[in-house]
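Novice: The structure under discussion is supplied below as structure tokens; questions concerning it will follow.
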Amino acid sequence: MHNFTFFTEFTLLGLSAGPSIQALLFVLFLGIYLLTLVGNTVMILTIKADSRLHTPMYFFLGHLSFLDLGFSSVTVPKMLQNFLSQKKSISAWSCITQSFFLLLYGCAEASLLSAMAYDRYAAVCHPLLYTVVMDRPLCTAMVCAAWLVGLLNSLVNHLFIHKLRFWGSNTVSHFFCELPSLFPLSCSDPTANEFLLSGSSALLGLLTLPLILFSYSRIISAILNIHSSEGQGKAFSTCSSHLTVVLLFYVTALFRYISPASGSVLERVVSIQYSVITSLLNPLIYSFKNQEVKPALQRLLRQQKCASR
């Protein structure tokens, strides 16, 4: 990391340079961040407190909420600080640390979403064997594998940054630090690093997307074979929330890390989608579209009221 001594800090371009617009963005993203913290924390506490939710699906959901807390906390606080300051800077080490954890959480969440897809496939297509197939050791192994994939992917990509040399412009065309936005600042050739990042992201997609596609193709096939419309609606409702999360997060994140960086507005919009908005929507999607979470949340609130009396 000695090559970063050319810079003590990077300057983040942000979302807008207008003071009035930045004030509005501060209020907007502060609200989003607070709702994200509250929503995901409530989901974790609800799942932990209610024994009816101690199932594989909610075991994965609890880890997804934890990942979303980390994902948003890596990026949003610094972005909020820069909205209120004239000097939108971040130290070199903070920039690399932010990029490291962003990639770690992103890869772990992509892997966890594929595990959740397999869980829904087992629940819909093999309901009688579900508790046998998705036992606690397998669920724990899947979650550990997701974290390990995220750690290894981020570690490998960031270890090779020491070969890059940075001087000249230190302005990052983004509102937070991530590798695709740092590579254009390198005065040495970043082609190998770009190939490594694109290759590792594509490999992650090849390892996880087939499982997701297989799971949902079998789920759709099983739903179509259900004769009653009520049964079809109930079966699809159990998977629609997960499918929404996959469409919101998976596609945008892979697009960002596989395609070459251009510093365009589209890249920043895509980054907002997978790093900020998805973390906000996950607890809302699972709570409002799931008939088991809402009663559990109501029971938790009643318990808190009784305890406060």
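Here, A, B, ... name the chains of the structure tokens in the order displayed, residue numbers run from 1 inside each chain, and ligands are numbered from 1 in the same displayed order.
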Check which residues of stretch 28-71 of chain A sit at most 7 Å from stretch 101-124 of chain A using only C-alpha atoms, and return one row each with the closest pair of atoms and their distance in Å to one decimal, ordered by chain and rising number, as JSON lines.
Specialist:
{"residue": "A:Met57", "atom": "CA", "partner": "A:Asp119", "partner_atom": "CA", "distance": 6.7}
{"residue": "A:Phe60", "atom": "CA", "partner": "A:Met116", "partner_atom": "CA", "distance": 6.6}
{"residue": "A:Leu64", "atom": "CA", "partner": "A:Glu109", "partner_atom": "CA", "distance": 6.8}
{"residue": "A:Leu67", "atom": "CA", "partner": "A:Tyr105", "partner_atom": "CA", "distance": 6.2}
{"residue": "A:Phe71", "atom": "CA", "partner": "A:Tyr105", "partner_atom": "CA", "distance": 6.0}
Novice: Skip A:Met43 itself and residues of its chain fewer than 2 positions away, then list as JSON, numbers by chain all residues within 8 Å of it, counting only C-alpha atoms.
Specialist: {"A": [39, 40, 41, 45, 46, 47, 62, 65, 283]}
Novice: Can you tell me, as a PyMOL selection string, which residues in stretch 32-233 of chain A count as alpha helix (DSSP H) by DSSP?
Specialist: chain A and resi 32-49+56-83+92-125+130-133+136-159+179-182+191-224+229-233
Novice: Using only C-alpha atoms, which residue out of A:Phe166, A:Phe176, A:Ser188, A:Asp68 lies closest to A:Val38?
Specialist: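 Answer, going by the shortest atom-to-atom distance: A:Asp68.
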Novice: Using only C-alpha atoms, determine which residues lie at most 12 Å from A:Ala23, disregarding the query and same-chain residues fewer than 2 positions distant; provide the list as a PyMOL selection string.
Specialist: chain A and resi 15-21+25-30+79-85
Novice: Keeping only C-alpha atoms, write those residues as an mmCIF file, in the first residue's frame.
Specialist:
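Output file result-v7.cif follows:
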data_model
loop_
_atom_site.group_PDB
_atom_site.id
_atom_site.type_symbol
_atom_site.label_atom_id
_atom_site.label_comp_id
_atom_site.auth_asym_id
_atom_site.auth_seq_id
_atom_site.Cartn_x
_atom_site.Cartn_y
_atom_site.Cartn_z
ATOM 1 C CA LEU A 15 -23.912 13.415 -6.583
ATOM 2 C CA SER A 16 -24.236 17.186 -7.027
ATOM 3 C CA ALA A 17 -22.209 20.366 -6.575
ATOM 4 C CA GLY A 18 -25.162 22.684 -5.875
ATOM 5 C CA PRO A 19 -25.427 23.655 -2.153
ATOM 6 C CA SER A 20 -29.237 23.692 -2.148
ATOM 7 C CA ILE A 21 -29.424 20.320 -3.874
ATOM 8 C CA LEU A 25 -29.875 15.100 -0.739
ATOM 9 C CA PHE A 26 -28.632 15.132 2.858
ATOM 10 C CA VAL A 27 -32.190 15.072 4.209
ATOM 11 C CA LEU A 28 -33.220 12.395 1.696
ATOM 12 C CA PHE A 29 -30.325 10.027 2.347
ATOM 13 C CA LEU A 30 -30.418 10.631 6.095
ATOM 14 C CA MET A 79 -21.738 10.479 1.952
ATOM 15 C CA LEU A 80 -23.853 12.389 4.494
ATOM 16 C CA GLN A 81 -20.731 14.050 5.906
ATOM 17 C CA ASN A 82 -19.643 15.178 2.438
ATOM 18 C CA PHE A 83 -23.069 16.670 1.732
ATOM 19 C CA LEU A 84 -22.453 19.138 4.580
ATOM 20 C CA SER A 85 -18.798 19.923 3.904
#
Novice: What is the distance between atom CA of A:Asn170 and atom CA of A:Asp189, in Å to one decimal?
Specialist: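 Those two atoms sit 16.2 Å apart.
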